[in-house]
Amino acid sequence: MPPPQLRYILFDWGGTLMSEDGPEGIPMAQWPEVSAVAGAKATLSVLAKKFPLGLATNAAASGRESIEAALERVSLRPYISDIFCFREIGARKDAPEFWAHVLQALGAEANEVAMIGDSLEQDVLAPRRQGIFSVWFNPQDRQANVYEIPVVRSLPEVVPLLTKRS
C-alpha cells in the first residue's frame, strides 16, 4: 500500500510568515507596523490552490483573534484556514500534546501533514518526532544541516518540495 499523500500544510507564524521585528510582549496585531516575510504571499497563494493551509505557533502574547488581525494587515489571512496556537492549546510545539491536538483537529494522520518553520527545534525536529514531514526555513543559513532534513532559504522554495509529495 502506498503511503498517504500530503493533505495539510502548516506554517510557523513569527519569523516564517511574518517578521518578528516589533515590540515584545504585546500582540503583533497591536504593533505600529507589521510585515510579511519576503515571498510569503506568493507561496501561500500557490499552495492554497492545492492544500488547506494553517498556522502552528508558540506565540504567547497573541491568541487566535490577534493572529487573524495581524495576518489580515499583510493580506495573508485569506490563505489560512486553521490556527493552532500555544495560548489555546496550552502546550508548545515541542510537546507531543500540541501535535496530538493538531492532528485530531485536522482529522489527519501525521504523515499527511507538513510543517514549515524557522526554528530548528520547535518547527522541524519536534514535529518530526511525531512523524510529521517538516522543512526548515533557514534564510540566514544559521548552522550546518546535520539532521538530513529539507532546508529552504526562501519561502517559494517549499512549493516544489511540497507539491511533489501530494
# chains A, B, ... in the order shown; residues from 1 in each chain; ligands from 1
$ select_by_dssp --residues "segment 13-96 of chain A" --states "strand (DSSP E)" --output "number ranges by chain"
A: 53-57, 80-85
$ residues_around --residues "segment 115-127 of chain A" --least-positions-apart "2" --cutoff "7 Å" --atoms "only C-alpha atoms" --output "list of chain:residue names"
A:Ile9, A:Leu10, A:Phe11, A:Asp12, A:Gly15, A:Thr16, A:Lys93, A:Asp94, A:Val113, A:Arg129, A:Gln130, A:Gly131, A:Ile132, A:Phe133, A:Ser134, A:Val135, A:Trp136, A:Phe137, A:Asn138
$ write_last_selection --atoms "N, CA and C atoms" --output "mmCIF file, in the first residue's frame"
data_model
loop_
_atom_site.group_PDB
_atom_site.id
_atom_site.type_symbol
_atom_site.label_atom_id
_atom_site.label_comp_id
_atom_site.auth_asym_id
_atom_site.auth_seq_id
_atom_site.Cartn_x
_atom_site.Cartn_y
_atom_site.Cartn_z
ATOM 1 N N ILE A 9 -0.872 21.600 5.068
ATOM 2 C CA ILE A 9 0.419 22.266 5.256
ATOM 3 C C ILE A 9 0.263 23.306 6.354
ATOM 4 N N LEU A 10 1.175 23.238 7.308
ATOM 5 C CA LEU A 10 1.203 24.192 8.409
ATOM 6 C C LEU A 10 2.478 25.018 8.333
ATOM 7 N N PHE A 11 2.357 26.280 8.674
ATOM 8 C CA PHE A 11 3.489 27.196 8.739
ATOM 9 C C PHE A 11 3.604 27.758 10.141
ATOM 10 N N ASP A 12 4.828 28.005 10.558
ATOM 11 C CA ASP A 12 5.054 28.803 11.743
ATOM 12 C C ASP A 12 4.634 30.234 11.395
ATOM 13 N N GLY A 15 8.508 34.930 12.206
ATOM 14 C CA GLY A 15 9.814 34.539 11.705
ATOM 15 C C GLY A 15 9.740 33.675 10.462
ATOM 16 N N THR A 16 8.561 33.154 10.156
ATOM 17 C CA THR A 16 8.385 32.331 8.957
ATOM 18 C C THR A 16 7.453 33.039 7.973
ATOM 19 N N LYS A 93 5.025 23.652 20.726
ATOM 20 C CA LYS A 93 5.223 22.737 19.603
ATOM 21 C C LYS A 93 6.205 21.609 19.904
ATOM 22 N N ASP A 94 7.012 21.742 20.955
ATOM 23 C CA ASP A 94 7.921 20.646 21.288
ATOM 24 C C ASP A 94 7.262 19.603 22.185
ATOM 25 N N VAL A 113 0.608 15.480 6.948
ATOM 26 C CA VAL A 113 0.800 16.880 7.327
ATOM 27 C C VAL A 113 2.257 17.274 7.131
ATOM 28 N N ARG A 129 9.558 14.300 15.309
ATOM 29 C CA ARG A 129 9.462 13.255 16.337
ATOM 30 C C ARG A 129 8.054 12.670 16.406
ATOM 31 N N GLN A 130 7.079 13.401 15.906
ATOM 32 C CA GLN A 130 5.688 12.927 15.883
ATOM 33 C C GLN A 130 5.306 12.339 14.523
ATOM 34 N N GLY A 131 6.267 12.225 13.606
ATOM 35 C CA GLY A 131 6.005 11.634 12.297
ATOM 36 C C GLY A 131 5.555 12.610 11.234
ATOM 37 N N ILE A 132 5.663 13.907 11.513
ATOM 38 C CA ILE A 132 5.228 14.949 10.582
ATOM 39 C C ILE A 132 6.401 15.376 9.708
ATOM 40 N N PHE A 133 6.182 15.425 8.409
ATOM 41 C CA PHE A 133 7.204 15.910 7.475
ATOM 42 C C PHE A 133 7.433 17.382 7.766
ATOM 43 N N SER A 134 8.695 17.790 7.886
ATOM 44 C CA SER A 134 8.968 19.188 8.188
ATOM 45 C C SER A 134 10.110 19.723 7.349
ATOM 46 N N VAL A 135 10.043 21.028 7.110
ATOM 47 C CA VAL A 135 11.025 21.735 6.299
ATOM 48 C C VAL A 135 11.541 22.912 7.120
ATOM 49 N N TRP A 136 12.849 23.070 7.143
ATOM 50 C CA TRP A 136 13.469 24.169 7.884
ATOM 51 C C TRP A 136 13.606 25.379 6.986
ATOM 52 N N PHE A 137 12.904 26.451 7.334
ATOM 53 C CA PHE A 137 13.042 27.740 6.659
ATOM 54 C C PHE A 137 14.212 28.447 7.336
ATOM 55 N N ASN A 138 15.324 28.511 6.648
ATOM 56 C CA ASN A 138 16.584 28.977 7.226
ATOM 57 C C ASN A 138 17.215 30.039 6.330
#
$ atom_distance --atom1 "atom CA of Pro156 of chain A" --atom2 "atom CA of Trp13 of chain A"
15.8 Å
$ select_by_dssp --residues "segment 4-147 of chain A" --states "alpha helix (DSSP H)" --output "number ranges by chain"
A: 40-47, 64-73, 86-89, 96-106, 126-129
$ closest_residue --among "A:Glu72, A:Glu109, A:Asp82, A:Asp21" --to "Lys41 of chain A" --atoms "only C-alpha atoms"
A:Glu72
$ closest_atom_pairs --of "segment 75-110 of chain A" --to "segment 54-65 of chain A" --cutoff "6 Å" --atoms "only C-alpha atoms" --output "Markdown table"
| residue | atom | partner | partner_atom | distance |
| --- | --- | --- | --- | --- |
| A:Ile80 | CA | A:Gly54 | CA | 5.0 |
| A:Ser81 | CA | A:Gly54 | CA | 5.5 |
| A:Asp82 | CA | A:Gly54 | CA | 4.4 |
| A:Ile83 | CA | A:Leu55 | CA | 4.7 |
| A:Phe84 | CA | A:Ala56 | CA | 4.8 |
| A:Cys85 | CA | A:Thr57 | CA | 4.8 |
| A:Phe86 | CA | A:Asn58 | CA | 4.8 |
| A:Arg87 | CA | A:Gly63 | CA | 5.8 |
| A:Arg92 | CA | A:Asn58 | CA | 5.6 |
$ closest_residue --among "A:Leu71, A:Met28, A:Ala38, A:Ala110" --to "Gln5 of chain A" --atoms "only C-alpha atoms"
A:Ala110
$ residues_around --residues "Gly22 of chain A" --least-positions-apart "6" --cutoff "12 Å" --atoms "only C-alpha atoms" --output "ChimeraX atom specification"
/A:14-15,28-35
$ closest_residue --among "A:Ser19, A:Thr43, A:Gln143, A:Gln104" --to "Val74 of chain A" --atoms "only C-alpha atoms"
A:Ser19
$ atom_distance --atom1 "atom CA of Asn111 of chain A" --atom2 "atom CA of Ala42 of chain A"
25.2 Å
$ atom_distance --atom1 "atom CA of Ala100 of chain A" --atom2 "atom CA of Val152 of chain A"
26.2 Å
$ decode --residues "segment 102-147 of chain A" --atoms "N, CA and C atoms" --output "tab-separated table (two decimals), in the first residue's frame"
chain	number	residue	atom	x	y	z
A	102	VAL	N	-3.39	19.07	17.14
A	102	VAL	CA	-3.43	19.49	15.74
A	102	VAL	C	-3.96	18.36	14.85
A	103	LEU	N	-3.41	17.16	15.01
A	103	LEU	CA	-3.82	16.05	14.16
A	103	LEU	C	-5.29	15.69	14.38
A	104	GLN	N	-5.72	15.73	15.62
A	104	GLN	CA	-7.13	15.43	15.90
A	104	GLN	C	-8.03	16.49	15.27
A	105	ALA	N	-7.67	17.75	15.41
A	105	ALA	CA	-8.48	18.83	14.84
A	105	ALA	C	-8.54	18.75	13.32
A	106	LEU	N	-7.45	18.35	12.70
A	106	LEU	CA	-7.42	18.23	11.24
A	106	LEU	C	-8.04	16.93	10.75
A	107	GLY	N	-8.18	15.96	11.64
A	107	GLY	CA	-8.66	14.65	11.23
A	107	GLY	C	-7.66	13.97	10.31
A	108	ALA	N	-6.38	14.15	10.63
A	108	ALA	CA	-5.30	13.66	9.77
A	108	ALA	C	-4.34	12.76	10.51
A	109	GLU	N	-3.64	11.95	9.74
A	109	GLU	CA	-2.52	11.18	10.25
A	109	GLU	C	-1.27	12.05	10.14
A	110	ALA	N	-0.27	11.76	10.94
A	110	ALA	CA	0.95	12.57	10.95
A	110	ALA	C	1.60	12.64	9.57
A	111	ASN	N	1.59	11.54	8.83
A	111	ASN	CA	2.26	11.55	7.53
A	111	ASN	C	1.46	12.23	6.42
A	112	GLU	N	0.33	12.84	6.78
A	112	GLU	CA	-0.46	13.61	5.82
A	112	GLU	C	-0.28	15.11	6.02
A	113	VAL	N	0.61	15.48	6.95
A	113	VAL	CA	0.80	16.88	7.33
A	113	VAL	C	2.26	17.27	7.13
A	114	ALA	N	2.47	18.51	6.68
A	114	ALA	CA	3.81	19.08	6.58
A	114	ALA	C	3.86	20.34	7.42
A	115	MET	N	5.02	20.60	8.00
A	115	MET	CA	5.24	21.80	8.82
A	115	MET	C	6.47	22.53	8.30
A	116	ILE	N	6.36	23.85	8.14
A	116	ILE	CA	7.47	24.68	7.69
A	116	ILE	C	7.70	25.76	8.73
A	117	GLY	N	8.94	25.93	9.16
A	117	GLY	CA	9.21	26.98	10.13
A	117	GLY	C	10.68	27.28	10.28
A	118	ASP	N	10.96	28.39	10.98
A	118	ASP	CA	12.33	28.88	11.11
A	118	ASP	C	13.05	28.39	12.36
A	119	SER	N	12.36	27.76	13.28
A	119	SER	CA	13.00	27.24	14.48
A	119	SER	C	13.33	25.76	14.27
A	120	LEU	N	14.61	25.45	14.28
A	120	LEU	CA	15.01	24.06	14.04
A	120	LEU	C	14.36	23.12	15.05
A	121	GLU	N	14.39	23.46	16.32
A	121	GLU	CA	13.81	22.58	17.34
A	121	GLU	C	12.29	22.57	17.29
A	122	GLN	N	11.66	23.74	17.37
A	122	GLN	CA	10.21	23.83	17.51
A	122	GLN	C	9.44	23.50	16.23
A	123	ASP	N	9.96	23.91	15.09
A	123	ASP	CA	9.22	23.78	13.83
A	123	ASP	C	9.64	22.59	12.98
A	124	VAL	N	10.79	22.03	13.27
A	124	VAL	CA	11.30	20.95	12.43
A	124	VAL	C	11.49	19.66	13.22
A	125	LEU	N	12.36	19.70	14.21
A	125	LEU	CA	12.67	18.46	14.94
A	125	LEU	C	11.49	17.97	15.78
A	126	ALA	N	10.79	18.89	16.46
A	126	ALA	CA	9.66	18.47	17.30
A	126	ALA	C	8.55	17.79	16.48
A	127	PRO	N	8.08	18.39	15.37
A	127	PRO	CA	7.06	17.69	14.59
A	127	PRO	C	7.59	16.39	13.97
A	128	ARG	N	8.86	16.36	13.60
A	128	ARG	CA	9.43	15.13	13.03
A	128	ARG	C	9.37	13.99	14.03
A	129	ARG	N	9.56	14.30	15.31
A	129	ARG	CA	9.46	13.26	16.34
A	129	ARG	C	8.05	12.67	16.41
A	130	GLN	N	7.08	13.40	15.91
A	130	GLN	CA	5.69	12.93	15.88
A	130	GLN	C	5.31	12.34	14.52
A	131	GLY	N	6.27	12.23	13.61
A	131	GLY	CA	6.00	11.63	12.30
A	131	GLY	C	5.56	12.61	11.23
A	132	ILE	N	5.66	13.91	11.51
A	132	ILE	CA	5.23	14.95	10.58
A	132	ILE	C	6.40	15.38	9.71
A	133	PHE	N	6.18	15.42	8.41
A	133	PHE	CA	7.20	15.91	7.47
A	133	PHE	C	7.43	17.38	7.77
A	134	SER	N	8.70	17.79	7.89
A	134	SER	CA	8.97	19.19	8.19
A	134	SER	C	10.11	19.72	7.35
A	135	VAL	N	10.04	21.03	7.11
A	135	VAL	CA	11.03	21.74	6.30
A	135	VAL	C	11.54	22.91	7.12
A	136	TRP	N	12.85	23.07	7.14
A	136	TRP	CA	13.47	24.17	7.88
A	136	TRP	C	13.61	25.38	6.99
A	137	PHE	N	12.90	26.45	7.33
A	137	PHE	CA	13.04	27.74	6.66
A	137	PHE	C	14.21	28.45	7.34
A	138	ASN	N	15.32	28.51	6.65
A	138	ASN	CA	16.58	28.98	7.23
A	138	ASN	C	17.22	30.04	6.33
A	139	PRO	N	16.61	31.24	6.26
A	139	PRO	CA	17.10	32.26	5.33
A	139	PRO	C	18.50	32.78	5.66
A	140	GLN	N	18.92	32.70	6.91
A	140	GLN	CA	20.25	33.17	7.29
A	140	GLN	C	21.29	32.06	7.24
A	141	ASP	N	20.90	30.85	6.86
A	141	ASP	CA	21.84	29.73	6.80
A	141	ASP	C	22.60	29.62	8.12
A	142	ARG	N	21.84	29.55	9.23
A	142	ARG	CA	22.39	29.66	10.59
A	142	ARG	C	23.35	28.57	11.02
A	143	GLN	N	23.14	27.34	10.62
A	143	GLN	CA	24.06	26.27	11.01
A	143	GLN	C	23.99	25.15	9.99
A	144	ALA	N	25.00	24.35	10.00
A	144	ALA	CA	25.04	23.24	9.05
A	144	ALA	C	23.86	22.30	9.30
A	145	ASN	N	23.36	21.73	8.25
A	145	ASN	CA	22.23	20.80	8.34
A	145	ASN	C	22.76	19.40	8.62
A	146	VAL	N	22.93	19.10	9.88
A	146	VAL	CA	23.44	17.79	10.27
A	146	VAL	C	22.31	16.77	10.44
A	147	TYR	N	21.07	17.21	10.28
A	147	TYR	CA	19.93	16.34	10.52
A	147	TYR	C	19.37	15.71	9.25
